[in-house]
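Chemist: Here you go, final_0.tsv (TSV, N, CA and C atoms):
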```tsv
chain	number	residue	atom	x	y	z
C	206	MET	N	-143.66	2.21	104.32
C	206	MET	CA	-142.29	2.63	104.10
C	206	MET	C	-141.41	1.97	105.15
C	207	TYR	N	-140.34	1.38	104.68
C	207	TYR	CA	-139.39	0.78	105.60
C	207	TYR	C	-137.98	1.06	105.11
C	208	ALA	N	-137.01	0.83	105.99
C	208	ALA	CA	-135.61	1.06	105.65
C	208	ALA	C	-134.76	-0.03	106.30
C	209	ILE	N	-133.61	-0.29	105.70
C	209	ILE	CA	-132.62	-1.19	106.28
C	209	ILE	C	-131.48	-0.30	106.78
C	210	VAL	N	-131.19	-0.35	108.08
C	210	VAL	CA	-130.15	0.48	108.67
C	210	VAL	C	-129.11	-0.40	109.34
C	211	GLU	N	-127.90	0.15	109.48
C	211	GLU	CA	-126.83	-0.53	110.20
C	211	GLU	C	-126.63	0.18	111.53
C	212	VAL	N	-126.72	-0.60	112.61
C	212	VAL	CA	-126.56	-0.06	113.96
C	212	VAL	C	-125.55	-0.94	114.67
C	213	LEU	N	-124.42	-0.37	115.05
C	213	LEU	CA	-123.37	-1.08	115.79
C	213	LEU	C	-122.96	-2.37	115.10
C	214	GLY	N	-122.83	-2.32	113.77
C	214	GLY	CA	-122.35	-3.46	113.01
C	214	GLY	C	-123.40	-4.48	112.63
C	215	GLN	N	-124.66	-4.26	112.99
C	215	GLN	CA	-125.74	-5.18	112.64
C	215	GLN	C	-126.77	-4.45	111.79
C	216	GLN	N	-127.44	-5.18	110.90
C	216	GLN	CA	-128.44	-4.60	110.02
C	216	GLN	C	-129.84	-4.93	110.53
C	217	PHE	N	-130.72	-3.93	110.49
C	217	PHE	CA	-132.09	-4.09	110.97
C	217	PHE	C	-133.05	-3.48	109.97
C	218	LYS	N	-134.23	-4.09	109.87
C	218	LYS	CA	-135.33	-3.52	109.08
C	218	LYS	C	-136.17	-2.70	110.04
C	219	VAL	N	-136.38	-1.41	109.73
C	219	VAL	CA	-137.11	-0.52	110.63
C	219	VAL	C	-138.29	0.10	109.88
C	220	GLU	N	-139.36	0.35	110.63
C	220	GLU	CA	-140.54	1.05	110.15
C	220	GLU	C	-140.93	2.06	111.20
C	221	ALA	N	-141.57	3.14	110.78
C	221	ALA	CA	-142.00	4.19	111.72
C	221	ALA	C	-143.04	3.62	112.67
C	222	GLY	N	-142.90	3.94	113.96
C	222	GLY	CA	-143.84	3.50	114.97
C	222	GLY	C	-143.56	2.13	115.57
C	223	ARG	N	-142.47	1.47	115.18
C	223	ARG	CA	-142.14	0.16	115.71
C	223	ARG	C	-140.97	0.24	116.67
C	224	LYS	N	-140.87	-0.75	117.56
C	224	LYS	CA	-139.77	-0.81	118.51
C	224	LYS	C	-138.67	-1.71	117.97
C	225	LEU	N	-137.45	-1.43	118.42
C	225	LEU	CA	-136.28	-2.15	117.95
C	225	LEU	C	-135.34	-2.36	119.13
C	226	PHE	N	-134.83	-3.57	119.28
C	226	PHE	CA	-133.86	-3.88	120.33
C	226	PHE	C	-132.49	-4.04	119.67
C	227	VAL	N	-131.53	-3.20	120.06
C	227	VAL	CA	-130.17	-3.26	119.53
C	227	VAL	C	-129.23	-3.48	120.71
C	228	HIS	N	-127.97	-3.83	120.41
C	228	HIS	CA	-126.99	-3.99	121.48
C	228	HIS	C	-126.85	-2.67	122.23
C	229	ARG	N	-126.44	-2.76	123.48
C	229	ARG	CA	-126.42	-1.62	124.39
C	229	ARG	C	-125.65	-0.44	123.83
C	230	MET	N	-126.30	0.72	123.74
C	230	MET	CA	-125.68	1.97	123.32
C	230	MET	C	-125.40	2.76	124.60
C	231	GLU	N	-124.17	2.68	125.08
C	231	GLU	CA	-123.82	3.28	126.36
C	231	GLU	C	-123.95	4.81	126.36
C	232	GLU	N	-123.65	5.44	125.23
C	232	GLU	CA	-123.66	6.90	125.18
C	232	GLU	C	-125.06	7.48	125.07
C	233	ALA	N	-126.06	6.67	124.72
C	233	ALA	CA	-127.43	7.15	124.54
C	233	ALA	C	-128.15	7.18	125.89
C	234	GLU	N	-128.74	8.33	126.20
C	234	GLU	CA	-129.48	8.46	127.46
C	234	GLU	C	-130.95	8.21	127.21
C	235	ARG	N	-131.63	7.78	128.26
C	235	ARG	CA	-133.04	7.48	128.17
C	235	ARG	C	-133.85	8.71	127.80
C	236	GLY	N	-134.74	8.59	126.83
C	236	GLY	CA	-135.58	9.71	126.41
C	236	GLY	C	-134.95	10.60	125.36
C	237	SER	N	-133.69	10.36	124.99
C	237	SER	CA	-133.02	11.21	124.02
C	237	SER	C	-133.32	10.74	122.59
C	238	GLN	N	-133.19	11.67	121.65
C	238	GLN	CA	-133.39	11.36	120.23
C	238	GLN	C	-132.03	11.05	119.61
C	239	ILE	N	-131.97	10.00	118.79
C	239	ILE	CA	-130.74	9.69	118.08
C	239	ILE	C	-131.07	9.55	116.60
C	240	GLU	N	-130.06	9.81	115.77
C	240	GLU	CA	-130.22	9.69	114.33
C	240	GLU	C	-129.33	8.57	113.83
C	241	LEU	N	-129.91	7.64	113.12
C	241	LEU	CA	-129.18	6.54	112.52
C	241	LEU	C	-128.96	6.93	111.06
C	242	ASP	N	-127.69	7.22	110.69
C	242	ASP	CA	-127.43	7.75	109.36
C	242	ASP	C	-126.85	6.72	108.39
C	243	LYS	N	-126.62	5.50	108.85
C	243	LYS	CA	-126.14	4.45	107.94
C	243	LYS	C	-127.35	3.70	107.37
C	244	VAL	N	-128.04	4.36	106.43
C	244	VAL	CA	-129.22	3.78	105.80
C	244	VAL	C	-128.77	3.08	104.53
C	245	LEU	N	-129.01	1.78	104.44
C	245	LEU	CA	-128.55	0.98	103.32
C	245	LEU	C	-129.59	0.84	102.22
C	246	LEU	N	-130.89	0.86	102.59
C	246	LEU	CA	-131.97	0.68	101.62
C	246	LEU	C	-133.22	1.36	102.13
C	247	ILE	N	-133.99	1.95	101.22
C	247	ILE	CA	-135.29	2.54	101.57
C	247	ILE	C	-136.31	2.04	100.56
C	248	ASP	N	-137.45	1.55	101.07
C	248	ASP	CA	-138.58	1.16	100.23
C	248	ASP	C	-139.73	2.10	100.53
C	249	ASN	N	-140.10	2.92	99.56
C	249	ASN	CA	-141.18	3.89	99.71
C	249	ASN	C	-142.32	3.50	98.78
C	250	GLU	N	-143.25	2.67	99.29
C	250	GLU	CA	-144.40	2.15	98.54
C	250	GLU	C	-143.98	1.53	97.21
C	251	GLY	N	-143.00	0.68	97.22
C	251	GLY	CA	-142.55	-0.01	96.01
C	251	GLY	C	-141.41	0.67	95.27
C	252	ASN	N	-141.11	1.93	95.60
C	252	ASN	CA	-139.99	2.65	95.00
C	252	ASN	C	-138.76	2.40	95.87
C	253	ILE	N	-137.87	1.52	95.41
C	253	ILE	CA	-136.73	1.07	96.21
C	253	ILE	C	-135.48	1.85	95.83
C	254	THR	N	-134.79	2.37	96.85
C	254	THR	CA	-133.52	3.06	96.68
C	254	THR	C	-132.46	2.28	97.44
C	255	VAL	N	-131.41	1.88	96.73
C	255	VAL	CA	-130.33	1.11	97.33
C	255	VAL	C	-129.08	1.98	97.36
C	256	GLY	N	-128.41	2.03	98.50
C	256	GLY	CA	-127.20	2.82	98.63
C	256	GLY	C	-125.97	2.05	98.21
C	257	ALA	N	-124.91	2.79	97.97
C	257	ALA	CA	-123.64	2.17	97.58
C	257	ALA	C	-122.51	2.79	98.40
C	258	PRO	N	-122.22	2.42	99.60
C	258	PRO	CA	-122.91	1.47	100.46
C	258	PRO	C	-124.08	2.09	101.22
C	259	THR	N	-124.10	3.41	101.43
C	259	THR	CA	-125.22	4.04	102.14
C	259	THR	C	-125.87	5.07	101.25
C	260	ILE	N	-127.07	5.49	101.64
C	260	ILE	CA	-127.82	6.51	100.90
C	260	ILE	C	-127.46	7.87	101.49
C	261	GLU	N	-126.99	8.77	100.64
C	261	GLU	CA	-126.60	10.11	101.09
C	261	GLU	C	-127.83	10.91	101.53
C	262	GLY	N	-127.75	11.53	102.69
C	262	GLY	CA	-128.82	12.40	103.18
C	262	GLY	C	-129.98	11.68	103.84
C	263	ALA	N	-129.99	10.38	103.84
C	263	ALA	CA	-131.08	9.63	104.47
C	263	ALA	C	-130.77	9.39	105.94
C	264	LYS	N	-131.80	9.49	106.78
C	264	LYS	CA	-131.65	9.29	108.22
C	264	LYS	C	-132.87	8.59	108.77
C	265	VAL	N	-132.68	7.92	109.87
C	265	VAL	CA	-133.79	7.35	110.64
C	265	VAL	C	-133.71	7.97	112.02
C	266	VAL	N	-134.79	8.62	112.45
C	266	VAL	CA	-134.84	9.26	113.76
C	266	VAL	C	-135.51	8.31	114.74
C	267	ALA	N	-134.84	8.06	115.88
C	267	ALA	CA	-135.36	7.14	116.88
C	267	ALA	C	-135.22	7.76	118.27
C	268	GLU	N	-136.04	7.30	119.18
C	268	GLU	CA	-135.99	7.74	120.57
C	268	GLU	C	-135.58	6.55	121.44
C	269	VAL	N	-134.68	6.80	122.39
C	269	VAL	CA	-134.24	5.75	123.31
C	269	VAL	C	-135.30	5.59	124.38
C	270	VAL	N	-135.94	4.41	124.41
C	270	VAL	CA	-137.00	4.15	125.37
C	270	VAL	C	-136.42	3.68	126.69
C	271	SER	N	-135.53	2.68	126.64
C	271	SER	CA	-134.95	2.15	127.88
C	271	SER	C	-133.74	1.30	127.57
C	272	HIS	N	-133.02	0.97	128.62
C	272	HIS	CA	-131.92	0.01	128.57
C	272	HIS	C	-132.39	-1.21	129.33
C	273	VAL	N	-132.39	-2.36	128.68
C	273	VAL	CA	-132.93	-3.58	129.29
C	273	VAL	C	-131.92	-4.72	129.16
C	274	ARG	N	-132.19	-5.81	129.88
C	274	ARG	CA	-131.39	-7.02	129.76
C	274	ARG	C	-132.26	-8.09	129.13
C	275	GLY	N	-131.68	-8.84	128.22
C	275	GLY	CA	-132.40	-9.91	127.55
C	275	GLY	C	-132.60	-11.11	128.45
C	276	GLU	N	-133.29	-12.11	127.90
C	276	GLU	CA	-133.50	-13.33	128.66
C	276	GLU	C	-132.21	-14.11	128.79
C	277	LYS	N	-132.14	-14.94	129.83
C	277	LYS	CA	-130.93	-15.71	130.08
C	277	LYS	C	-130.78	-16.83	129.05
C	278	VAL	N	-129.58	-16.94	128.50
C	278	VAL	CA	-129.24	-18.01	127.57
C	278	VAL	C	-128.30	-18.94	128.31
C	279	LEU	N	-128.65	-20.23	128.35
C	279	LEU	CA	-127.82	-21.21	129.03
C	279	LEU	C	-126.89	-21.88	128.03
C	280	VAL	N	-125.61	-21.93	128.36
C	280	VAL	CA	-124.60	-22.58	127.52
C	280	VAL	C	-124.12	-23.80	128.30
C	281	PHE	N	-124.34	-24.98	127.74
C	281	PHE	CA	-124.03	-26.23	128.43
C	281	PHE	C	-122.98	-26.99	127.63
C	282	HIS	N	-121.88	-27.33	128.30
C	282	HIS	CA	-120.81	-28.12	127.69
C	282	HIS	C	-120.76	-29.48	128.38
C	283	LYS	N	-120.57	-30.53	127.58
C	283	LYS	CA	-120.50	-31.87	128.14
C	283	LYS	C	-119.60	-32.72	127.26
C	284	LYS	N	-118.78	-33.54	127.91
C	284	LYS	CA	-117.99	-34.54	127.19
C	284	LYS	C	-118.47	-35.90	127.66
C	285	ARG	N	-118.95	-36.67	126.75
C	285	ARG	CA	-119.56	-37.93	127.14
C	285	ARG	C	-118.52	-38.91	127.71
C	286	ARG	N	-118.99	-39.67	128.67
C	286	ARG	CA	-118.21	-40.71	129.35
C	286	ARG	C	-117.01	-40.17	130.14
C	287	LYS	N	-116.86	-38.90	130.32
C	287	LYS	CA	-115.71	-38.34	131.05
C	287	LYS	C	-116.12	-37.66	132.35
C	288	GLY	N	-117.41	-37.49	132.56
C	288	GLY	CA	-117.87	-36.83	133.78
C	288	GLY	C	-117.71	-35.32	133.74
C	289	TYR	N	-117.47	-34.75	132.55
C	289	TYR	CA	-117.26	-33.31	132.43
C	289	TYR	C	-118.57	-32.65	132.02
C	290	ARG	N	-119.05	-31.76	132.90
C	290	ARG	CA	-120.24	-30.96	132.59
C	290	ARG	C	-120.00	-29.55	133.08
C	291	LYS	N	-120.39	-28.58	132.28
C	291	LYS	CA	-120.22	-27.18	132.66
C	291	LYS	C	-121.44	-26.40	132.18
C	292	LEU	N	-122.06	-25.65	133.06
C	292	LEU	CA	-123.22	-24.85	132.73
C	292	LEU	C	-122.89	-23.39	132.94
C	293	ASN	N	-123.11	-22.59	131.94
C	293	ASN	CA	-122.79	-21.17	132.01
C	293	ASN	C	-124.00	-20.39	131.51
C	294	GLY	N	-124.34	-19.30	132.17
C	294	GLY	CA	-125.46	-18.45	131.77
C	294	GLY	C	-124.98	-17.11	131.28
C	295	HIS	N	-125.78	-16.50	130.39
C	295	HIS	CA	-125.43	-15.19	129.84
C	295	HIS	C	-126.69	-14.38	129.61
C	296	ARG	N	-126.66	-13.09	129.99
C	296	ARG	CA	-127.76	-12.17	129.68
C	296	ARG	C	-127.17	-10.99	128.95
C	297	GLN	N	-127.67	-10.73	127.74
C	297	GLN	CA	-127.17	-9.64	126.90
C	297	GLN	C	-127.86	-8.34	127.28
C	298	ASN	N	-127.12	-7.24	127.25
C	298	ASN	CA	-127.67	-5.92	127.49
C	298	ASN	C	-128.16	-5.33	126.17
C	299	PHE	N	-129.39	-4.79	126.17
C	299	PHE	CA	-129.98	-4.21	124.97
C	299	PHE	C	-130.44	-2.79	125.24
C	300	THR	N	-130.57	-2.02	124.15
C	300	THR	CA	-131.19	-0.70	124.19
C	300	THR	C	-132.46	-0.78	123.35
C	301	GLU	N	-133.57	-0.35	123.92
C	301	GLU	CA	-134.84	-0.37	123.21
C	301	GLU	C	-135.06	0.98	122.54
C	302	LEU	N	-135.25	0.95	121.22
C	302	LEU	CA	-135.46	2.17	120.44
C	302	LEU	C	-136.87	2.18	119.88
C	303	MET	N	-137.50	3.37	119.86
C	303	MET	CA	-138.78	3.56	119.18
C	303	MET	C	-138.50	4.39	117.93
C	304	ILE	N	-138.80	3.85	116.77
C	304	ILE	CA	-138.55	4.53	115.50
C	304	ILE	C	-139.61	5.59	115.30
C	305	LYS	N	-139.18	6.85	115.17
C	305	LYS	CA	-140.09	7.97	115.00
C	305	LYS	C	-140.41	8.21	113.52
C	306	GLU	N	-139.36	8.39	112.71
C	306	GLU	CA	-139.60	8.67	111.29
C	306	GLU	C	-138.39	8.29	110.46
C	307	ILE	N	-138.65	8.12	109.16
C	307	ILE	CA	-137.59	7.82	108.20
C	307	ILE	C	-137.52	9.00	107.24
C	308	LYS	N	-136.36	9.66	107.21
C	308	LYS	CA	-136.17	10.81	106.33
C	308	LYS	C	-135.34	10.35	105.13
C	309	ALA	N	-135.95	10.46	103.95
C	309	ALA	CA	-135.27	10.00	102.74
C	309	ALA	C	-134.78	11.19	101.94
```
I'd like the structure from this file rewritten - as structure tokens, please.
Modeler:
Amino acid sequence: MYAIVEVLGQQFKVEAGRKLFVHRMEEAERGSQIELDKVLLIDNEGNITVGAPTIEGAKVVAEVVSHVRGEKVLVFHKKRRKGYRKLNGHRQNFTELMIKEIKA
């Protein structure tokens, strides 16, 4: 059984017992339970339910495991023959979620 949910404007495929990294949820505390109620699709052993746009009454229960930082991404700008080079680094903040169950 899996579901497609929308979290902070992005869509993710979730299954019970799997971890998920989403953009930083500032209001979520470590160890707390959160409910993701924007469920767009549920597949229950081949029985597919599609929402318009969401499925009424469906929820995904997840636990906040930790707040982490992603790996560094290097952004390099260069203009050839002009001597212009610029290197910039970025690390994105993520929240790690453990999916507990999918309620359909």
Chemist: Give me the residues near Asn249 in chain C as a VMD selection string, where near means some atom within 10 Å (using only C-alpha atoms) and where sequence neighbours in that chain fewer than 5 positions away do not count.
Modeler: chain C and resid 206 to 208 254 309
Chemist: Go through C:Thr300, C:Val266, C:Lys243, C:Lys308 and flag the residue nearest Glu231 in chain C, using all atoms listed in the file for the distances.
Modeler: C:Thr300
Chemist: Contacts of His272 in chain C at 6.5 Å or less, counting all atoms listed in the file, minus same-chain residues fewer than 2 places along, as a list in words?
Modeler: Val270, Arg274, Phe299, Thr300 and Glu301 of chain C
Chemist: Deliver the residues from the most recent selection as a file, using N, CA and C atoms, as a PDB file, in the frame of the given file.
Modeler:
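Ended up saving to out.pdb:
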```
ATOM      1  N   VAL C 270    -135.940   4.410 124.410  1.00  0.00           N
ATOM      2  CA  VAL C 270    -137.000   4.150 125.370  1.00  0.00           C
ATOM      3  C   VAL C 270    -136.420   3.680 126.690  1.00  0.00           C
ATOM      4  N   ARG C 274    -132.190  -5.810 129.880  1.00  0.00           N
ATOM      5  CA  ARG C 274    -131.390  -7.020 129.760  1.00  0.00           C
ATOM      6  C   ARG C 274    -132.260  -8.090 129.130  1.00  0.00           C
ATOM      7  N   PHE C 299    -129.390  -4.790 126.170  1.00  0.00           N
ATOM      8  CA  PHE C 299    -129.980  -4.210 124.970  1.00  0.00           C
ATOM      9  C   PHE C 299    -130.440  -2.790 125.240  1.00  0.00           C
ATOM     10  N   THR C 300    -130.570  -2.020 124.150  1.00  0.00           N
ATOM     11  CA  THR C 300    -131.190  -0.700 124.190  1.00  0.00           C
ATOM     12  C   THR C 300    -132.460  -0.780 123.350  1.00  0.00           C
ATOM     13  N   GLU C 301    -133.570  -0.350 123.920  1.00  0.00           N
ATOM     14  CA  GLU C 301    -134.840  -0.370 123.210  1.00  0.00           C
ATOM     15  C   GLU C 301    -135.060   0.980 122.540  1.00  0.00           C
TER      16      GLU C 301
END
```
Chemist: Find the spatial neighbours of Lys277 in chain C, counting all atoms listed in the file, within a cut-off of 7 Å - ignore same-chain residues fewer than 4 positions away - and output them as a ChimeraX atom specification.
Modeler: /C:294-297
Chemist: Counting only C-alpha atoms, figure out which residue out of C:Leu302, C:Leu246, C:Met230, C:Ala257 gets nearest to Glu211 in chain C.
Modeler: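 Among C:Leu302, C:Leu246, C:Met230, C:Ala257, it is C:Leu246 that comes nearest to Glu211 in chain C.
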Chemist: Between CA of Glu306 in chain C and atom C of Lys264 in chain C, what distance in Å does the model show, to one decimal?
Modeler: 7.2 Å
Chemist: If you measure from CA of Phe226 in chain C to CA of Met303 in chain C, what distance in Å do you get, rounded to one decimal?
Modeler: 9.0 Å
Chemist: Give the answer as one residue: which of C:Glu276, C:Lys283, C:Lys305, C:Asp242 has the shortest atom-to-atom distance to Val210 in chain C, using all atoms listed in the file?
Modeler: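 Residue with the minimum atom-to-atom distance to Val210 in chain C: C:Asp242.
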Chemist: For range 219-224 of chain C, take all atoms listed in the file, fit an axis-aligned box around them, add 3 Å to each of the six sides, then output centre and edge lengths in Å rounded to one decimal, as JSON.
Modeler:
```
{"center_x": -140.1, "center_y": 1.2, "center_z": 114.1, "size_x": 13.5, "size_y": 11.9, "size_z": 14.8}
```
Chemist: Residues near Leu245 in chain C, anyone? I mean within 6 Å using only C-alpha atoms, not counting same-chain ones fewer than 2 positions away, as a list in words.
Modeler: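 Once the nearby chain positions are removed, what remains is Ile209, Val210, Gly256 and Thr259 of chain C.
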Chemist: Can you work out which one of C:Val219, C:Val212, C:Ile260, C:Ala267 has the shortest atom-to-atom distance to Ser237 in chain C, counting only C-alpha atoms?
Modeler: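 The closest residue to Ser237 in chain C is C:Ala267.
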Chemist: Please measure the separation of CA of Phe217 in chain C and CA of Leu241 in chain C, giving the value in Å to one decimal.
Modeler: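 It comes out at 11.1 Å.
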Chemist: List the residues sitting within 5 Å of (-137.8, 5.0, 125.3) in the file's frame, using all atoms listed in the file, as a PDB file with N, CA and C atoms, keeping the file's coordinate frame.
Modeler:
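Heads up, here's the output in out30.pdb:
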```pdb
ATOM      1  N   GLY C 236    -134.740   8.590 126.830  1.00  0.00           N
ATOM      2  CA  GLY C 236    -135.580   9.710 126.410  1.00  0.00           C
ATOM      3  C   GLY C 236    -134.950  10.600 125.360  1.00  0.00           C
ATOM      4  N   GLU C 268    -136.040   7.300 119.180  1.00  0.00           N
ATOM      5  CA  GLU C 268    -135.990   7.740 120.570  1.00  0.00           C
ATOM      6  C   GLU C 268    -135.580   6.550 121.440  1.00  0.00           C
ATOM      7  N   VAL C 269    -134.680   6.800 122.390  1.00  0.00           N
ATOM      8  CA  VAL C 269    -134.240   5.750 123.310  1.00  0.00           C
ATOM      9  C   VAL C 269    -135.300   5.590 124.380  1.00  0.00           C
ATOM     10  N   VAL C 270    -135.940   4.410 124.410  1.00  0.00           N
ATOM     11  CA  VAL C 270    -137.000   4.150 125.370  1.00  0.00           C
ATOM     12  C   VAL C 270    -136.420   3.680 126.690  1.00  0.00           C
ATOM     13  N   SER C 271    -135.530   2.680 126.640  1.00  0.00           N
ATOM     14  CA  SER C 271    -134.950   2.150 127.880  1.00  0.00           C
ATOM     15  C   SER C 271    -133.740   1.300 127.570  1.00  0.00           C
TER      16      SER C 271
END
```
Chemist: Can you put all heavy atoms back into range 223-232 of chain C and show it as an mmCIF file, in the coordinates of the input?
Modeler:
```
data_model
loop_
_atom_site.group_PDB
_atom_site.id
_atom_site.type_symbol
_atom_site.label_atom_id
_atom_site.label_comp_id
_atom_site.auth_asym_id
_atom_site.auth_seq_id
_atom_site.Cartn_x
_atom_site.Cartn_y
_atom_site.Cartn_z
ATOM 1 N N ARG C 223 -142.470 1.470 115.180
ATOM 2 C CA ARG C 223 -142.140 0.160 115.710
ATOM 3 C C ARG C 223 -140.970 0.240 116.670
ATOM 4 O O ARG C 223 -140.146 1.139 116.582
ATOM 5 C CB ARG C 223 -141.816 -0.792 114.576
ATOM 6 C CG ARG C 223 -142.982 -0.825 113.604
ATOM 7 C CD ARG C 223 -143.122 -1.992 112.793
ATOM 8 N NE ARG C 223 -143.787 -3.107 113.425
ATOM 9 C CZ ARG C 223 -143.730 -4.305 112.868
ATOM 10 N NH1 ARG C 223 -143.050 -4.501 111.776
ATOM 11 N NH2 ARG C 223 -144.382 -5.304 113.413
ATOM 12 N N LYS C 224 -140.870 -0.750 117.560
ATOM 13 C CA LYS C 224 -139.770 -0.810 118.510
ATOM 14 C C LYS C 224 -138.670 -1.710 117.970
ATOM 15 O O LYS C 224 -138.918 -2.632 117.203
ATOM 16 C CB LYS C 224 -140.253 -1.344 119.855
ATOM 17 C CG LYS C 224 -141.141 -0.357 120.573
ATOM 18 C CD LYS C 224 -141.483 -0.844 121.939
ATOM 19 C CE LYS C 224 -142.345 0.191 122.650
ATOM 20 N NZ LYS C 224 -142.719 -0.241 123.989
ATOM 21 N N LEU C 225 -137.450 -1.430 118.420
ATOM 22 C CA LEU C 225 -136.280 -2.150 117.950
ATOM 23 C C LEU C 225 -135.340 -2.360 119.130
ATOM 24 O O LEU C 225 -135.104 -1.433 119.910
ATOM 25 C CB LEU C 225 -135.590 -1.332 116.849
ATOM 26 C CG LEU C 225 -134.302 -1.848 116.264
ATOM 27 C CD1 LEU C 225 -134.574 -3.108 115.460
ATOM 28 C CD2 LEU C 225 -133.682 -0.798 115.368
ATOM 29 N N PHE C 226 -134.830 -3.570 119.280
ATOM 30 C CA PHE C 226 -133.860 -3.880 120.330
ATOM 31 C C PHE C 226 -132.490 -4.040 119.670
ATOM 32 O O PHE C 226 -132.319 -4.905 118.823
ATOM 33 C CB PHE C 226 -134.238 -5.159 121.071
ATOM 34 C CG PHE C 226 -135.447 -5.007 121.944
ATOM 35 C CD1 PHE C 226 -136.708 -5.309 121.467
ATOM 36 C CD2 PHE C 226 -135.312 -4.543 123.239
ATOM 37 C CE1 PHE C 226 -137.815 -5.169 122.268
ATOM 38 C CE2 PHE C 226 -136.415 -4.392 124.048
ATOM 39 C CZ PHE C 226 -137.676 -4.705 123.567
ATOM 40 N N VAL C 227 -131.530 -3.200 120.060
ATOM 41 C CA VAL C 227 -130.170 -3.260 119.530
ATOM 42 C C VAL C 227 -129.230 -3.480 120.710
ATOM 43 O O VAL C 227 -129.608 -3.329 121.867
ATOM 44 C CB VAL C 227 -129.784 -1.969 118.765
ATOM 45 C CG1 VAL C 227 -130.690 -1.763 117.571
ATOM 46 C CG2 VAL C 227 -129.814 -0.751 119.663
ATOM 47 N N HIS C 228 -127.970 -3.830 120.410
ATOM 48 C CA HIS C 228 -126.990 -3.990 121.480
ATOM 49 C C HIS C 228 -126.850 -2.670 122.230
ATOM 50 O O HIS C 228 -127.088 -1.590 121.695
ATOM 51 C CB HIS C 228 -125.636 -4.417 120.909
ATOM 52 C CG HIS C 228 -125.617 -5.845 120.472
ATOM 53 N ND1 HIS C 228 -125.794 -6.896 121.341
ATOM 54 C CD2 HIS C 228 -125.469 -6.398 119.249
ATOM 55 C CE1 HIS C 228 -125.737 -8.030 120.684
ATOM 56 N NE2 HIS C 228 -125.548 -7.759 119.405
ATOM 57 N N ARG C 229 -126.440 -2.760 123.480
ATOM 58 C CA ARG C 229 -126.420 -1.620 124.390
ATOM 59 C C ARG C 229 -125.650 -0.440 123.830
ATOM 60 O O ARG C 229 -124.486 -0.572 123.446
ATOM 61 C CB ARG C 229 -125.802 -2.047 125.713
ATOM 62 C CG ARG C 229 -125.732 -1.008 126.800
ATOM 63 C CD ARG C 229 -127.119 -0.573 127.187
ATOM 64 N NE ARG C 229 -127.395 -0.305 128.543
ATOM 65 C CZ ARG C 229 -127.678 -1.172 129.488
ATOM 66 N NH1 ARG C 229 -127.631 -2.428 129.280
ATOM 67 N NH2 ARG C 229 -127.994 -0.799 130.672
ATOM 68 N N MET C 230 -126.300 0.720 123.740
ATOM 69 C CA MET C 230 -125.680 1.970 123.320
ATOM 70 C C MET C 230 -125.400 2.760 124.600
ATOM 71 O O MET C 230 -126.290 3.396 125.147
ATOM 72 C CB MET C 230 -126.604 2.762 122.389
ATOM 73 C CG MET C 230 -127.017 1.995 121.153
ATOM 74 S SD MET C 230 -128.256 2.877 120.212
ATOM 75 C CE MET C 230 -127.227 3.591 118.975
ATOM 76 N N GLU C 231 -124.170 2.680 125.080
ATOM 77 C CA GLU C 231 -123.820 3.280 126.360
ATOM 78 C C GLU C 231 -123.950 4.810 126.360
ATOM 79 O O GLU C 231 -124.301 5.405 127.363
ATOM 80 C CB GLU C 231 -122.387 2.890 126.752
ATOM 81 C CG GLU C 231 -122.207 1.409 126.981
ATOM 82 C CD GLU C 231 -122.958 0.881 128.193
ATOM 83 O OE1 GLU C 231 -123.307 1.661 129.087
ATOM 84 O OE2 GLU C 231 -123.194 -0.333 128.233
ATOM 85 N N GLU C 232 -123.650 5.440 125.230
ATOM 86 C CA GLU C 232 -123.660 6.900 125.180
ATOM 87 C C GLU C 232 -125.060 7.480 125.070
ATOM 88 O O GLU C 232 -125.272 8.671 125.290
ATOM 89 C CB GLU C 232 -122.799 7.406 124.010
ATOM 90 C CG GLU C 232 -123.361 7.093 122.634
ATOM 91 C CD GLU C 232 -123.079 5.691 122.142
ATOM 92 O OE1 GLU C 232 -122.374 4.927 122.823
ATOM 93 O OE2 GLU C 232 -123.598 5.347 121.068
#
```
